[in-house]
$ cat target-v5.pdb   # PDB, C-alpha atoms
ATOM      1  CA  MET E   1      -1.930  -9.951  -4.030  1.00  0.00           C
ATOM      2  CA  PRO E   2      -4.681  -7.505  -5.095  1.00  0.00           C
ATOM      3  CA  PRO E   3      -4.639  -4.915  -6.478  1.00  0.00           C
ATOM      4  CA  GLU E   4      -1.299  -5.838  -8.076  1.00  0.00           C
ATOM      5  CA  LEU E   5      -2.138  -9.347  -9.204  1.00  0.00           C
ATOM      6  CA  ASP E   6      -5.321  -8.241 -10.920  1.00  0.00           C
ATOM      7  CA  GLY E   7      -3.617  -5.558 -12.970  1.00  0.00           C
ATOM      8  CA  TYR E   8      -0.078  -6.587 -13.789  1.00  0.00           C
ATOM      9  CA  ALA E   9      -1.007  -8.804 -16.741  1.00  0.00           C
ATOM     10  CA  GLY E  10      -2.701  -5.802 -18.352  1.00  0.00           C
ATOM     11  CA  LEU E  11       0.261  -3.561 -17.575  1.00  0.00           C
ATOM     12  CA  SER E  12       2.709  -5.968 -19.179  1.00  0.00           C
ATOM     13  CA  ASP E  13       0.558  -6.112 -22.299  1.00  0.00           C
ATOM     14  CA  ALA E  14       0.197  -2.308 -22.382  1.00  0.00           C
ATOM     15  CA  VAL E  15       3.951  -1.652 -22.478  1.00  0.00           C
ATOM     16  CA  LYS E  16       5.030  -4.632 -24.579  1.00  0.00           C
ATOM     17  CA  GLY E  17       7.038  -3.419 -27.544  1.00  0.00           C
ATOM     18  CA  LEU E  18       7.313   0.176 -26.291  1.00  0.00           C
ATOM     19  CA  LYS E  19      10.722   1.743 -25.726  1.00  0.00           C
ATOM     20  CA  TYR E  20      11.405   2.251 -22.026  1.00  0.00           C
ATOM     21  CA  GLY E  21      11.379   5.850 -20.832  1.00  0.00           C
ATOM     22  CA  THR E  22       9.537   7.322 -23.825  1.00  0.00           C
ATOM     23  CA  ASP E  23       6.404   9.453 -23.576  1.00  0.00           C
ATOM     24  CA  GLU E  24       4.478   6.584 -25.185  1.00  0.00           C
ATOM     25  CA  TYR E  25       5.755   4.161 -22.547  1.00  0.00           C
ATOM     26  CA  ARG E  26       4.807   6.518 -19.692  1.00  0.00           C
ATOM     27  CA  ALA E  27       1.352   7.088 -21.196  1.00  0.00           C
ATOM     28  CA  ALA E  28       0.736   3.329 -21.298  1.00  0.00           C
ATOM     29  CA  PHE E  29       1.319   3.241 -17.520  1.00  0.00           C
ATOM     30  CA  ALA E  30      -1.312   5.900 -16.719  1.00  0.00           C
ATOM     31  CA  PRO E  31      -4.329   3.558 -16.412  1.00  0.00           C
ATOM     32  CA  PHE E  32      -2.366   1.442 -13.936  1.00  0.00           C
ATOM     33  CA  ASN E  33      -1.306   4.196 -11.498  1.00  0.00           C
ATOM     34  CA  VAL E  34      -3.135   2.685  -8.504  1.00  0.00           C
ATOM     35  CA  ILE E  35      -1.517  -0.712  -9.045  1.00  0.00           C
ATOM     36  CA  ILE E  36       1.926   0.806  -9.569  1.00  0.00           C
ATOM     37  CA  LYS E  37       1.663   3.051  -6.506  1.00  0.00           C
ATOM     38  CA  HIS E  38       0.656   0.042  -4.390  1.00  0.00           C
ATOM     39  CA  HIS E  39       3.591  -1.983  -5.761  1.00  0.00           C
ATOM     40  CA  TYR E  40       6.126   0.768  -5.056  1.00  0.00           C
ATOM     41  CA  GLY E  41       4.765   1.203  -1.528  1.00  0.00           C
ATOM     42  CA  ALA E  42       4.958  -2.524  -0.781  1.00  0.00           C
ATOM     43  CA  ASN E  43       8.376  -3.223  -2.325  1.00  0.00           C
ATOM     44  CA  ASP E  44      11.518  -1.528  -1.054  1.00  0.00           C
ATOM     45  CA  HIS E  45      13.586  -2.343  -4.153  1.00  0.00           C
ATOM     46  CA  HIS E  46      11.931   0.647  -5.846  1.00  0.00           C
ATOM     47  CA  PRO E  47      13.376   4.135  -5.270  1.00  0.00           C
ATOM     48  CA  GLU E  48       9.788   5.432  -5.193  1.00  0.00           C
ATOM     49  CA  HIS E  49       9.329   3.496  -1.940  1.00  0.00           C
ATOM     50  CA  PHE E  50      11.552   6.008  -0.132  1.00  0.00           C
ATOM     51  CA  GLN E  51      11.256   9.722   0.521  1.00  0.00           C
ATOM     52  CA  ALA E  52      14.852  10.319  -0.636  1.00  0.00           C
ATOM     53  CA  GLY E  53      14.674   7.728  -3.412  1.00  0.00           C
ATOM     54  CA  ILE E  54      17.868   5.850  -4.230  1.00  0.00           C
ATOM     55  CA  ASN E  55      19.735   7.690  -1.437  1.00  0.00           C
ATOM     56  CA  ASP E  56      17.658   5.855   1.194  1.00  0.00           C
ATOM     57  CA  MET E  57      18.326   2.400  -0.289  1.00  0.00           C
ATOM     58  CA  ASP E  58      20.821  -0.194   0.903  1.00  0.00           C
ATOM     59  CA  LEU E  59      23.025  -2.329  -1.348  1.00  0.00           C
ATOM     60  CA  LEU E  60      20.701  -5.353  -1.306  1.00  0.00           C
ATOM     61  CA  GLN E  61      17.753  -3.203  -2.334  1.00  0.00           C
ATOM     62  CA  ILE E  62      19.833  -1.772  -5.195  1.00  0.00           C
ATOM     63  CA  VAL E  63      20.807  -5.275  -6.357  1.00  0.00           C
ATOM     64  CA  GLU E  64      17.150  -6.324  -6.296  1.00  0.00           C
ATOM     65  CA  MET E  65      16.259  -3.145  -8.214  1.00  0.00           C
ATOM     66  CA  ILE E  66      18.767  -4.043 -10.947  1.00  0.00           C
ATOM     67  CA  CYS E  67      17.304  -7.565 -11.151  1.00  0.00           C
ATOM     68  CA  ASP E  68      13.848  -6.022 -11.466  1.00  0.00           C
ATOM     69  CA  TRP E  69      15.095  -3.774 -14.282  1.00  0.00           C
ATOM     70  CA  LYS E  70      16.434  -6.868 -16.054  1.00  0.00           C
ATOM     71  CA  ALA E  71      13.122  -8.690 -15.691  1.00  0.00           C
ATOM     72  CA  ALA E  72      11.273  -5.659 -17.067  1.00  0.00           C
ATOM     73  CA  SER E  73      13.714  -5.353 -19.984  1.00  0.00           C
ATOM     74  CA  THR E  74      12.827  -8.823 -21.236  1.00  0.00           C
ATOM     75  CA  ARG E  75       9.474  -7.454 -22.458  1.00  0.00           C
ATOM     76  CA  ASN E  76      11.171  -5.389 -25.138  1.00  0.00           C
ATOM     77  CA  SER E  77      14.831  -6.289 -25.438  1.00  0.00           C
ATOM     78  CA  GLU E  78      17.299  -9.034 -24.700  1.00  0.00           C
ATOM     79  CA  SER E  79      19.641  -6.512 -23.090  1.00  0.00           C
ATOM     80  CA  LEU E  80      19.180  -4.288 -20.082  1.00  0.00           C
ATOM     81  CA  THR E  81      21.789  -1.840 -21.396  1.00  0.00           C
ATOM     82  CA  PRO E  82      19.506   0.366 -23.553  1.00  0.00           C
ATOM     83  CA  SER E  83      17.339   1.339 -20.562  1.00  0.00           C
ATOM     84  CA  LEU E  84      20.168   2.038 -18.107  1.00  0.00           C
ATOM     85  CA  GLU E  85      20.702   5.683 -19.050  1.00  0.00           C
ATOM     86  CA  ALA E  86      16.978   6.389 -18.747  1.00  0.00           C
ATOM     87  CA  ASN E  87      16.959   4.835 -15.273  1.00  0.00           C
ATOM     88  CA  PHE E  88      20.079   6.722 -14.194  1.00  0.00           C
ATOM     89  CA  LYS E  89      18.440   9.982 -15.219  1.00  0.00           C
ATOM     90  CA  ARG E  90      15.011   9.070 -13.807  1.00  0.00           C
ATOM     91  CA  PHE E  91      16.398   8.209 -10.372  1.00  0.00           C
ATOM     92  CA  ARG E  92      19.245  10.771 -10.365  1.00  0.00           C
ATOM     93  CA  ILE E  93      21.848   8.043  -9.914  1.00  0.00           C
ATOM     94  CA  ASP E  94      25.311   9.549  -9.562  1.00  0.00           C
ATOM     95  CA  GLU E  95      28.196   8.637 -11.855  1.00  0.00           C
ATOM     96  CA  GLN E  96      29.937   6.305  -9.398  1.00  0.00           C
ATOM     97  CA  LEU E  97      26.865   4.171  -8.719  1.00  0.00           C
ATOM     98  CA  ALA E  98      25.976   4.242 -12.425  1.00  0.00           C
ATOM     99  CA  LEU E  99      29.422   2.857 -13.251  1.00  0.00           C
ATOM    100  CA  ILE E 100      29.044   0.100 -10.649  1.00  0.00           C
ATOM    101  CA  ILE E 101      25.649  -0.828 -12.097  1.00  0.00           C
ATOM    102  CA  ARG E 102      27.035  -0.832 -15.668  1.00  0.00           C
ATOM    103  CA  ASN E 103      29.935  -3.055 -14.558  1.00  0.00           C
ATOM    104  CA  THR E 104      27.523  -5.457 -12.859  1.00  0.00           C
ATOM    105  CA  VAL E 105      25.251  -5.651 -15.906  1.00  0.00           C
ATOM    106  CA  THR E 106      28.270  -6.325 -18.111  1.00  0.00           C
ATOM    107  CA  VAL E 107      29.640  -9.087 -15.852  1.00  0.00           C
ATOM    108  CA  LEU E 108      26.206 -10.743 -15.798  1.00  0.00           C
ATOM    109  CA  GLY E 109      25.893 -10.458 -19.581  1.00  0.00           C
ATOM    110  CA  TRP E 110      22.628  -8.551 -19.322  1.00  0.00           C
TER
END

$ encode --input "target-v5.pdb" --output "structure tokens"
Amino acid sequence: MPPELDGYAGLSDAVKGLKYGTDEYRAAFAPFNVIIKHHYGANDHHPEHFQAGINDMDLLQIVEMICDWKAASTRNSESLTPSLEANFKRFRIDEQLALIIRNTVTVLGW
């Protein structure tokens, strides 16, 4: 669905090979801000969708968010694990939820 469909191929190419969470990675996103903002607004598995971020999400939204993180991690790594800490910091995820997410990623072999 436009504008997402028109721009996501370019976004994937722009960040391919870049380490998640780095300044270089964030800079590669800049030209796609309109697409990203639209995506976050339309999809409630993103903390950015909510005023209070992760604190406004339900468990199913969090599970979908983790699956989305895994899908995104396949661009640069076989494992989701290296980007977890960056996501925990980015979204201010508390230690208990972070542990639950780590346990889930481990059980799934991601």

$ closest_atom_pairs --input "target-v5.pdb" --of "range 3-66 of chain E" --to "range 82-103 of chain E" --cutoff "9 Å" --atoms "all atoms listed in the file" --output "JSON lines"
{"residue": "E:Lys19", "atom": "CA", "partner": "E:Ser83", "partner_atom": "CA", "distance": 8.4}
{"residue": "E:Tyr20", "atom": "CA", "partner": "E:Ser83", "partner_atom": "CA", "distance": 6.2}
{"residue": "E:Gly21", "atom": "CA", "partner": "E:Ala86", "partner_atom": "CA", "distance": 6.0}
{"residue": "E:Pro47", "atom": "CA", "partner": "E:Phe91", "partner_atom": "CA", "distance": 7.2}
{"residue": "E:Glu48", "atom": "CA", "partner": "E:Phe91", "partner_atom": "CA", "distance": 8.8}
{"residue": "E:Gly53", "atom": "CA", "partner": "E:Phe91", "partner_atom": "CA", "distance": 7.2}
{"residue": "E:Ile54", "atom": "CA", "partner": "E:Phe91", "partner_atom": "CA", "distance": 6.7}
{"residue": "E:Asn55", "atom": "CA", "partner": "E:Ile93", "partner_atom": "CA", "distance": 8.7}
{"residue": "E:Val63", "atom": "CA", "partner": "E:Ile101", "partner_atom": "CA", "distance": 8.7}
{"residue": "E:Ile66", "atom": "CA", "partner": "E:Ile101", "partner_atom": "CA", "distance": 7.7}

$ closest_residue --input "target-v5.pdb" --among "E:Val15, E:Val107, E:Thr22, E:Lys37" --to "Thr74 in chain E" --atoms "all atoms listed in the file"
E:Val15

$ residues_near_point --input "target-v5.pdb" --point "(4.5, -3.2, -15.0)" --cutoff "8 Å" --atoms "only C-alpha atoms" --output "list in words"
Tyr8, Leu11, Ser12, Val15, Phe29, Ile36 and Ala72 of chain E

$ resolve_selection --input "target-v5.pdb" --expression "the PyMOL selection byres ((chain E and resi 46) around 9)" --output "ChimeraX atom specification"
/E:39-41,43-45,47-50,53-54,57,61-62,64-65,68

$ atom_distance --input "target-v5.pdb" --atom1 "CA of Asn76 in chain E" --atom2 "CA of Gly17 in chain E"
5.2 Å

$ atom_distance --input "target-v5.pdb" --atom1 "CA of Thr106 in chain E" --atom2 "CA of Asp13 in chain E"
28.0 Å

$ closest_residue --input "target-v5.pdb" --among "E:Val105, E:Ala14, E:Ala9, E:Ile35" --to "Trp69 in chain E" --atoms "all atoms listed in the file"
E:Val105

$ atom_distance --input "target-v5.pdb" --atom1 "CA of Gly109 in chain E" --atom2 "CA of Ala28 in chain E"
28.7 Å

$ build_atoms --input "target-v5.pdb" --residues "range 8-22 of chain E" --atoms "N, CA, C and O atoms" --output "PDB file, keeping the file's coordinate frame"
ATOM      1  N   TYR E   8      -1.395  -6.520 -13.165  1.00  0.00           N
ATOM      2  CA  TYR E   8      -0.078  -6.587 -13.789  1.00  0.00           C
ATOM      3  C   TYR E   8      -0.060  -7.246 -15.156  1.00  0.00           C
ATOM      4  O   TYR E   8       0.746  -6.879 -16.009  1.00  0.00           O
ATOM      5  N   ALA E   9      -0.952  -8.191 -15.401  1.00  0.00           N
ATOM      6  CA  ALA E   9      -1.007  -8.804 -16.741  1.00  0.00           C
ATOM      7  C   ALA E   9      -1.361  -7.733 -17.767  1.00  0.00           C
ATOM      8  O   ALA E   9      -0.748  -7.653 -18.830  1.00  0.00           O
ATOM      9  N   GLY E  10      -2.317  -6.890 -17.446  1.00  0.00           N
ATOM     10  CA  GLY E  10      -2.701  -5.802 -18.352  1.00  0.00           C
ATOM     11  C   GLY E  10      -1.589  -4.790 -18.541  1.00  0.00           C
ATOM     12  O   GLY E  10      -1.381  -4.288 -19.640  1.00  0.00           O
ATOM     13  N   LEU E  11      -0.853  -4.505 -17.489  1.00  0.00           N
ATOM     14  CA  LEU E  11       0.261  -3.561 -17.575  1.00  0.00           C
ATOM     15  C   LEU E  11       1.346  -4.111 -18.490  1.00  0.00           C
ATOM     16  O   LEU E  11       1.862  -3.391 -19.345  1.00  0.00           O
ATOM     17  N   SER E  12       1.687  -5.364 -18.321  1.00  0.00           N
ATOM     18  CA  SER E  12       2.709  -5.968 -19.179  1.00  0.00           C
ATOM     19  C   SER E  12       2.304  -5.903 -20.641  1.00  0.00           C
ATOM     20  O   SER E  12       3.120  -5.593 -21.508  1.00  0.00           O
ATOM     21  N   ASP E  13       1.044  -6.186 -20.919  1.00  0.00           N
ATOM     22  CA  ASP E  13       0.558  -6.112 -22.299  1.00  0.00           C
ATOM     23  C   ASP E  13       0.591  -4.677 -22.821  1.00  0.00           C
ATOM     24  O   ASP E  13       0.916  -4.445 -23.985  1.00  0.00           O
ATOM     25  N   ALA E  14       0.271  -3.715 -21.959  1.00  0.00           N
ATOM     26  CA  ALA E  14       0.197  -2.308 -22.382  1.00  0.00           C
ATOM     27  C   ALA E  14       1.552  -1.748 -22.802  1.00  0.00           C
ATOM     28  O   ALA E  14       1.626  -0.897 -23.699  1.00  0.00           O
ATOM     29  N   VAL E  15       2.628  -2.205 -22.169  1.00  0.00           N
ATOM     30  CA  VAL E  15       3.951  -1.652 -22.478  1.00  0.00           C
ATOM     31  C   VAL E  15       4.782  -2.542 -23.406  1.00  0.00           C
ATOM     32  O   VAL E  15       5.860  -2.139 -23.841  1.00  0.00           O
ATOM     33  N   LYS E  16       4.277  -3.708 -23.715  1.00  0.00           N
ATOM     34  CA  LYS E  16       5.030  -4.632 -24.579  1.00  0.00           C
ATOM     35  C   LYS E  16       5.338  -3.967 -25.915  1.00  0.00           C
ATOM     36  O   LYS E  16       4.473  -3.417 -26.572  1.00  0.00           O
ATOM     37  N   GLY E  17       6.608  -3.988 -26.273  1.00  0.00           N
ATOM     38  CA  GLY E  17       7.038  -3.419 -27.544  1.00  0.00           C
ATOM     39  C   GLY E  17       7.327  -1.926 -27.509  1.00  0.00           C
ATOM     40  O   GLY E  17       7.815  -1.376 -28.487  1.00  0.00           O
ATOM     41  N   LEU E  18       7.049  -1.261 -26.395  1.00  0.00           N
ATOM     42  CA  LEU E  18       7.313   0.176 -26.291  1.00  0.00           C
ATOM     43  C   LEU E  18       8.714   0.405 -25.726  1.00  0.00           C
ATOM     44  O   LEU E  18       9.167  -0.326 -24.842  1.00  0.00           O
ATOM     45  N   LYS E  19       9.378   1.428 -26.211  1.00  0.00           N
ATOM     46  CA  LYS E  19      10.722   1.743 -25.726  1.00  0.00           C
ATOM     47  C   LYS E  19      10.629   2.364 -24.333  1.00  0.00           C
ATOM     48  O   LYS E  19       9.910   3.340 -24.111  1.00  0.00           O
ATOM     49  N   TYR E  20      11.390   1.792 -23.406  1.00  0.00           N
ATOM     50  CA  TYR E  20      11.405   2.251 -22.026  1.00  0.00           C
ATOM     51  C   TYR E  20      11.784   3.731 -21.942  1.00  0.00           C
ATOM     52  O   TYR E  20      12.711   4.179 -22.601  1.00  0.00           O
ATOM     53  N   GLY E  21      11.052   4.458 -21.102  1.00  0.00           N
ATOM     54  CA  GLY E  21      11.379   5.850 -20.832  1.00  0.00           C
ATOM     55  C   GLY E  21      10.783   6.854 -21.790  1.00  0.00           C
ATOM     56  O   GLY E  21      10.894   8.054 -21.564  1.00  0.00           O
ATOM     57  N   THR E  22      10.126   6.391 -22.854  1.00  0.00           N
ATOM     58  CA  THR E  22       9.537   7.322 -23.825  1.00  0.00           C
ATOM     59  C   THR E  22       8.201   7.847 -23.314  1.00  0.00           C
ATOM     60  O   THR E  22       7.592   7.284 -22.386  1.00  0.00           O
TER      61      THR E  22
END
